[in-house]
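Novice: Handing you a structure now.
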Amino acid sequence: MNYAKNYGPKEAKYYEIPNGIDLDSYERNLHKKAEYRDKYGLPKDKTIVLFIGRFTHVKGVLEAAYAAKQTIKSRPNMFFLFVGNGPLKRDIENILNGVKNIKILDWIPMEAVHELYIASDIYFLPSKWEALPITLMEAMAARLYIVSTPVGGIPDVLTNYPLKTFIYSLDLKLIVKALNEASRKICIKNGMVNNRVGAYIAQFDWRNIVYKIEQVYKAISK
């Protein structure tokens, strides 16, 4: 929007409407964390870190794998779940071969993806470039703590989201430090924070997105 305002007509009207998610599928199932962990064979007594996305360089999946391997050495209470597929899958499997507290899953149906978010505690997004990832909104809907690089539209979306730590470099030590910080902070997450998150993510519900689009049509049709 800032780019458009700088180079577009000054008299034009500008509207900012984000992508949306089916918020209901999260809200009505937030209490099923233990059930979903059972369903996917995940431990109930560990902090689960979720990476979900294409296994490509731009997603930082290699850095994520090395960070997972290193983090587990000092924090055996953490468990890393990698979900997705892509050209680097074999590399990921080789890096994590024999490492405990790791699970790699292929893509699951879209209607069930909320189950993996709800089963987790931390969402890990070490991307080198992004626009506005839907996965980020899905992670917020599940009330996850987010560890992410501040690239593309990510900082804009997370500005007022209280459960986050940014990774300003893909240096392995800094990534591991951010994951350790997230692990400590989720232990003090309380009901007040959850309520703030719920109010914040409401703007990404498809019903609100549709309403905003309708308002734009009405405004430009006058």
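Starting from 1 in every chain, residues are counted up; chains themselves are A, B, ... following the order of the structure tokens, and ligands are numbered from 1 as listed.
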Would you list the contacts of Val151 in chain A as number ranges by chain, taking every protein, DNA or RNA residue within 8 Å and counting only C-alpha atoms, but skipping same-chain residues closer than 4 positions in sequence?
Specialist: A: 127-131, 155
Novice: Give the strand (DSSP E) residues of range 49-165 of chain A, as DSSP finds them on the backbone, and put them as a PyMOL selection string.
Specialist: chain A and resi 49-52+78-83+102-105+122-125+145-148+164-165
Novice: Pull N, CA, C and O atoms from the residues just selected and write them as an mmCIF file, in the first residue's frame.
Specialist:
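out_15.cif, freshly written:
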```cif
data_model
loop_
_atom_site.group_PDB
_atom_site.id
_atom_site.type_symbol
_atom_site.label_atom_id
_atom_site.label_comp_id
_atom_site.auth_asym_id
_atom_site.auth_seq_id
_atom_site.Cartn_x
_atom_site.Cartn_y
_atom_site.Cartn_z
ATOM 1 N N VAL A 49 7.248 -27.799 18.368
ATOM 2 C CA VAL A 49 7.563 -26.722 17.430
ATOM 3 C C VAL A 49 7.168 -27.180 16.029
ATOM 4 O O VAL A 49 7.644 -28.211 15.555
ATOM 5 N N LEU A 50 6.321 -26.414 15.374
ATOM 6 C CA LEU A 50 5.783 -26.790 14.062
ATOM 7 C C LEU A 50 6.405 -25.978 12.937
ATOM 8 O O LEU A 50 6.413 -24.754 12.963
ATOM 9 N N PHE A 51 6.939 -26.679 11.936
ATOM 10 C CA PHE A 51 7.308 -26.067 10.657
ATOM 11 C C PHE A 51 6.384 -26.670 9.621
ATOM 12 O O PHE A 51 6.323 -27.893 9.469
ATOM 13 N N ILE A 52 5.651 -25.830 8.902
ATOM 14 C CA ILE A 52 4.762 -26.344 7.862
ATOM 15 C C ILE A 52 4.933 -25.485 6.607
ATOM 16 O O ILE A 52 4.809 -24.263 6.645
ATOM 17 N N MET A 78 11.770 -30.381 24.044
ATOM 18 C CA MET A 78 11.204 -29.833 22.815
ATOM 19 C C MET A 78 11.129 -30.915 21.740
ATOM 20 O O MET A 78 11.997 -31.779 21.629
ATOM 21 N N PHE A 79 10.079 -30.818 20.931
ATOM 22 C CA PHE A 79 9.809 -31.792 19.870
ATOM 23 C C PHE A 79 9.499 -31.011 18.595
ATOM 24 O O PHE A 79 8.673 -30.092 18.609
ATOM 25 N N PHE A 80 10.143 -31.383 17.481
ATOM 26 C CA PHE A 80 9.980 -30.647 16.226
ATOM 27 C C PHE A 80 9.170 -31.469 15.227
ATOM 28 O O PHE A 80 9.483 -32.628 14.959
ATOM 29 N N LEU A 81 8.143 -30.831 14.677
ATOM 30 C CA LEU A 81 7.268 -31.452 13.690
ATOM 31 C C LEU A 81 7.409 -30.710 12.363
ATOM 32 O O LEU A 81 7.088 -29.523 12.266
ATOM 33 N N PHE A 82 7.923 -31.402 11.342
ATOM 34 C CA PHE A 82 8.072 -30.835 10.005
ATOM 35 C C PHE A 82 6.965 -31.395 9.116
ATOM 36 O O PHE A 82 6.864 -32.611 8.940
ATOM 37 N N VAL A 83 6.171 -30.504 8.527
ATOM 38 C CA VAL A 83 5.039 -30.917 7.690
ATOM 39 C C VAL A 83 5.173 -30.274 6.315
ATOM 40 O O VAL A 83 5.286 -29.051 6.199
ATOM 41 N N ILE A 102 11.864 -35.798 16.757
ATOM 42 C CA ILE A 102 11.617 -35.252 15.417
ATOM 43 C C ILE A 102 10.558 -36.113 14.732
ATOM 44 O O ILE A 102 10.575 -37.338 14.831
ATOM 45 N N LYS A 103 9.645 -35.459 14.022
ATOM 46 C CA LYS A 103 8.685 -36.192 13.182
ATOM 47 C C LYS A 103 8.499 -35.412 11.892
ATOM 48 O O LYS A 103 8.366 -34.185 11.909
ATOM 49 N N ILE A 104 8.511 -36.118 10.771
ATOM 50 C CA ILE A 104 8.309 -35.505 9.459
ATOM 51 C C ILE A 104 7.042 -36.094 8.846
ATOM 52 O O ILE A 104 6.918 -37.309 8.708
ATOM 53 N N LEU A 105 6.101 -35.224 8.491
ATOM 54 C CA LEU A 105 4.847 -35.643 7.876
ATOM 55 C C LEU A 105 4.701 -35.010 6.504
ATOM 56 O O LEU A 105 5.151 -33.882 6.278
ATOM 57 N N ILE A 122 4.556 -23.893 19.317
ATOM 58 C CA ILE A 122 5.356 -22.843 18.677
ATOM 59 C C ILE A 122 5.303 -23.042 17.170
ATOM 60 O O ILE A 122 5.417 -24.178 16.682
ATOM 61 N N TYR A 123 5.127 -21.944 16.432
ATOM 62 C CA TYR A 123 5.184 -22.008 14.974
ATOM 63 C C TYR A 123 6.504 -21.397 14.537
ATOM 64 O O TYR A 123 6.855 -20.275 14.920
ATOM 65 N N PHE A 124 7.236 -22.121 13.690
ATOM 66 C CA PHE A 124 8.599 -21.764 13.292
ATOM 67 C C PHE A 124 8.604 -21.422 11.812
ATOM 68 O O PHE A 124 8.333 -22.271 10.968
ATOM 69 N N LEU A 125 8.914 -20.161 11.476
ATOM 70 C CA LEU A 125 8.860 -19.685 10.087
ATOM 71 C C LEU A 125 10.146 -18.921 9.746
ATOM 72 O O LEU A 125 10.175 -17.694 9.776
ATOM 73 N N TYR A 145 2.824 -19.481 19.835
ATOM 74 C CA TYR A 145 3.935 -18.536 19.897
ATOM 75 C C TYR A 145 4.650 -18.642 18.551
ATOM 76 O O TYR A 145 4.870 -19.740 18.033
ATOM 77 N N ILE A 146 5.032 -17.517 17.958
ATOM 78 C CA ILE A 146 5.605 -17.510 16.610
ATOM 79 C C ILE A 146 7.059 -17.063 16.642
ATOM 80 O O ILE A 146 7.396 -16.016 17.209
ATOM 81 N N VAL A 147 7.924 -17.875 16.052
ATOM 82 C CA VAL A 147 9.333 -17.538 15.843
ATOM 83 C C VAL A 147 9.525 -17.401 14.350
ATOM 84 O O VAL A 147 9.379 -18.368 13.603
ATOM 85 N N SER A 148 9.846 -16.180 13.896
ATOM 86 C CA SER A 148 9.830 -15.918 12.456
ATOM 87 C C SER A 148 10.867 -14.878 12.056
ATOM 88 O O SER A 148 11.270 -14.033 12.865
ATOM 89 N N LYS A 164 5.418 -13.498 20.021
ATOM 90 C CA LYS A 164 6.339 -13.595 18.879
ATOM 91 C C LYS A 164 7.769 -13.275 19.282
ATOM 92 O O LYS A 164 8.025 -12.529 20.223
ATOM 93 N N THR A 165 8.697 -13.838 18.525
ATOM 94 C CA THR A 165 10.110 -13.485 18.573
ATOM 95 C C THR A 165 10.616 -13.464 17.140
ATOM 96 O O THR A 165 10.436 -14.445 16.402
#
```
Novice: Identify which of the residues A:Lys69, A:Lys33, A:Arg207, A:Lys222 lies closest to Ile118 in chain A, counting only C-alpha atoms when measuring atom-to-atom distances.
Specialist: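 Ranking A:Lys69, A:Lys33, A:Arg207, A:Lys222 by distance to Ile118 in chain A, first place goes to A:Lys33.
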Novice: Could you please determine the separation between CA of Ser74 in chain A and CA of Pro126 in chain A in Å, to one decimal place?
Specialist: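 These two atoms are separated by 20.2 Å.
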Novice: Need the shell around Ile220 in chain A: protein/DNA/RNA residues with any atom at most 12 Å away, counting only C-alpha atoms. Skip same-chain ones fewer than 2 positions apart. Format as number ranges by chain?
Specialist: A: 12-15, 213-218, 222
Novice: So that I have them on file, write out the residues from the current selection with all heavy atoms, as a short mmCIF file (atom, residue, chain, number, x, y, z; two decimals), in the first residue's frame.
Specialist:
```cif
data_model
loop_
_atom_site.label_atom_id
_atom_site.label_comp_id
_atom_site.auth_asym_id
_atom_site.auth_seq_id
_atom_site.Cartn_x
_atom_site.Cartn_y
_atom_site.Cartn_z
N ALA A 12 -6.31 9.10 -5.45
CA ALA A 12 -6.94 7.78 -5.43
C ALA A 12 -7.21 7.32 -4.00
O ALA A 12 -6.56 7.75 -3.06
CB ALA A 12 -6.05 6.76 -6.14
N LYS A 13 -8.19 6.44 -3.85
CA LYS A 13 -8.47 5.82 -2.56
C LYS A 13 -7.76 4.46 -2.50
O LYS A 13 -7.71 3.75 -3.49
CB LYS A 13 -9.97 5.62 -2.38
CG LYS A 13 -10.76 6.91 -2.27
CD LYS A 13 -12.24 6.62 -2.06
CE LYS A 13 -13.04 7.91 -1.93
NZ LYS A 13 -14.50 7.62 -1.73
N TYR A 14 -7.24 4.13 -1.34
CA TYR A 14 -6.50 2.89 -1.19
C TYR A 14 -7.14 2.06 -0.07
O TYR A 14 -7.51 2.59 0.98
CB TYR A 14 -5.03 3.17 -0.85
CG TYR A 14 -4.31 3.89 -1.96
CD1 TYR A 14 -4.33 5.28 -2.04
CD2 TYR A 14 -3.65 3.18 -2.95
CE1 TYR A 14 -3.68 5.94 -3.08
CE2 TYR A 14 -3.00 3.84 -3.99
CZ TYR A 14 -3.02 5.22 -4.04
OH TYR A 14 -2.39 5.86 -5.07
N TYR A 15 -7.26 0.77 -0.32
CA TYR A 15 -7.86 -0.13 0.66
C TYR A 15 -6.92 -1.30 0.90
O TYR A 15 -6.35 -1.87 -0.04
CB TYR A 15 -9.20 -0.67 0.13
CG TYR A 15 -10.19 0.41 -0.22
CD1 TYR A 15 -10.22 0.95 -1.51
CD2 TYR A 15 -11.09 0.90 0.71
CE1 TYR A 15 -11.12 1.95 -1.85
CE2 TYR A 15 -12.01 1.89 0.38
CZ TYR A 15 -12.01 2.41 -0.90
OH TYR A 15 -12.92 3.40 -1.24
N ILE A 213 -14.56 -6.31 1.67
CA ILE A 213 -14.65 -6.27 0.20
C ILE A 213 -15.97 -5.64 -0.23
O ILE A 213 -16.02 -4.82 -1.16
CB ILE A 213 -14.50 -7.69 -0.37
CG1 ILE A 213 -13.09 -8.22 -0.11
CG2 ILE A 213 -14.80 -7.70 -1.88
CD1 ILE A 213 -12.90 -9.67 -0.49
N GLU A 214 -17.05 -5.98 0.46
CA GLU A 214 -18.36 -5.39 0.14
C GLU A 214 -18.34 -3.89 0.33
O GLU A 214 -18.89 -3.13 -0.48
CB GLU A 214 -19.44 -6.02 1.02
CG GLU A 214 -19.77 -7.45 0.66
CD GLU A 214 -20.80 -8.04 1.61
OE1 GLU A 214 -20.95 -7.49 2.73
OE2 GLU A 214 -21.44 -9.04 1.25
N GLN A 215 -17.66 -3.42 1.39
CA GLN A 215 -17.58 -1.99 1.64
C GLN A 215 -16.81 -1.27 0.56
O GLN A 215 -17.14 -0.14 0.19
CB GLN A 215 -16.95 -1.73 3.02
CG GLN A 215 -17.76 -2.27 4.20
CD GLN A 215 -19.19 -1.77 4.18
OE1 GLN A 215 -20.13 -2.54 3.96
NE2 GLN A 215 -19.36 -0.49 4.40
N VAL A 216 -15.77 -1.93 0.05
CA VAL A 216 -14.99 -1.32 -1.04
C VAL A 216 -15.85 -1.19 -2.29
O VAL A 216 -15.88 -0.13 -2.94
CB VAL A 216 -13.73 -2.16 -1.35
CG1 VAL A 216 -13.05 -1.65 -2.62
CG2 VAL A 216 -12.76 -2.11 -0.18
N TYR A 217 -16.59 -2.25 -2.63
CA TYR A 217 -17.47 -2.19 -3.81
C TYR A 217 -18.50 -1.07 -3.66
O TYR A 217 -18.80 -0.35 -4.61
CB TYR A 217 -18.17 -3.53 -4.02
CG TYR A 217 -17.32 -4.56 -4.72
CD1 TYR A 217 -17.11 -5.81 -4.14
CD2 TYR A 217 -16.74 -4.30 -5.95
CE1 TYR A 217 -16.33 -6.77 -4.78
CE2 TYR A 217 -15.96 -5.24 -6.59
CZ TYR A 217 -15.76 -6.46 -6.00
OH TYR A 217 -14.98 -7.42 -6.63
N LYS A 218 -19.05 -0.93 -2.48
CA LYS A 218 -20.04 0.11 -2.26
C LYS A 218 -19.42 1.49 -2.40
O LYS A 218 -20.03 2.41 -2.97
CB LYS A 218 -20.67 -0.05 -0.87
CG LYS A 218 -21.59 -1.24 -0.71
CD LYS A 218 -22.11 -1.38 0.70
CE LYS A 218 -23.02 -2.58 0.84
NZ LYS A 218 -23.52 -2.75 2.24
N LYS A 222 -20.22 4.46 -5.91
CA LYS A 222 -21.00 5.69 -5.70
C LYS A 222 -20.69 6.73 -6.77
O LYS A 222 -19.56 6.82 -7.24
CB LYS A 222 -20.71 6.26 -4.31
CG LYS A 222 -21.22 5.37 -3.18
CD LYS A 222 -20.90 5.97 -1.83
CE LYS A 222 -21.42 5.10 -0.69
NZ LYS A 222 -21.10 5.65 0.63
#
```
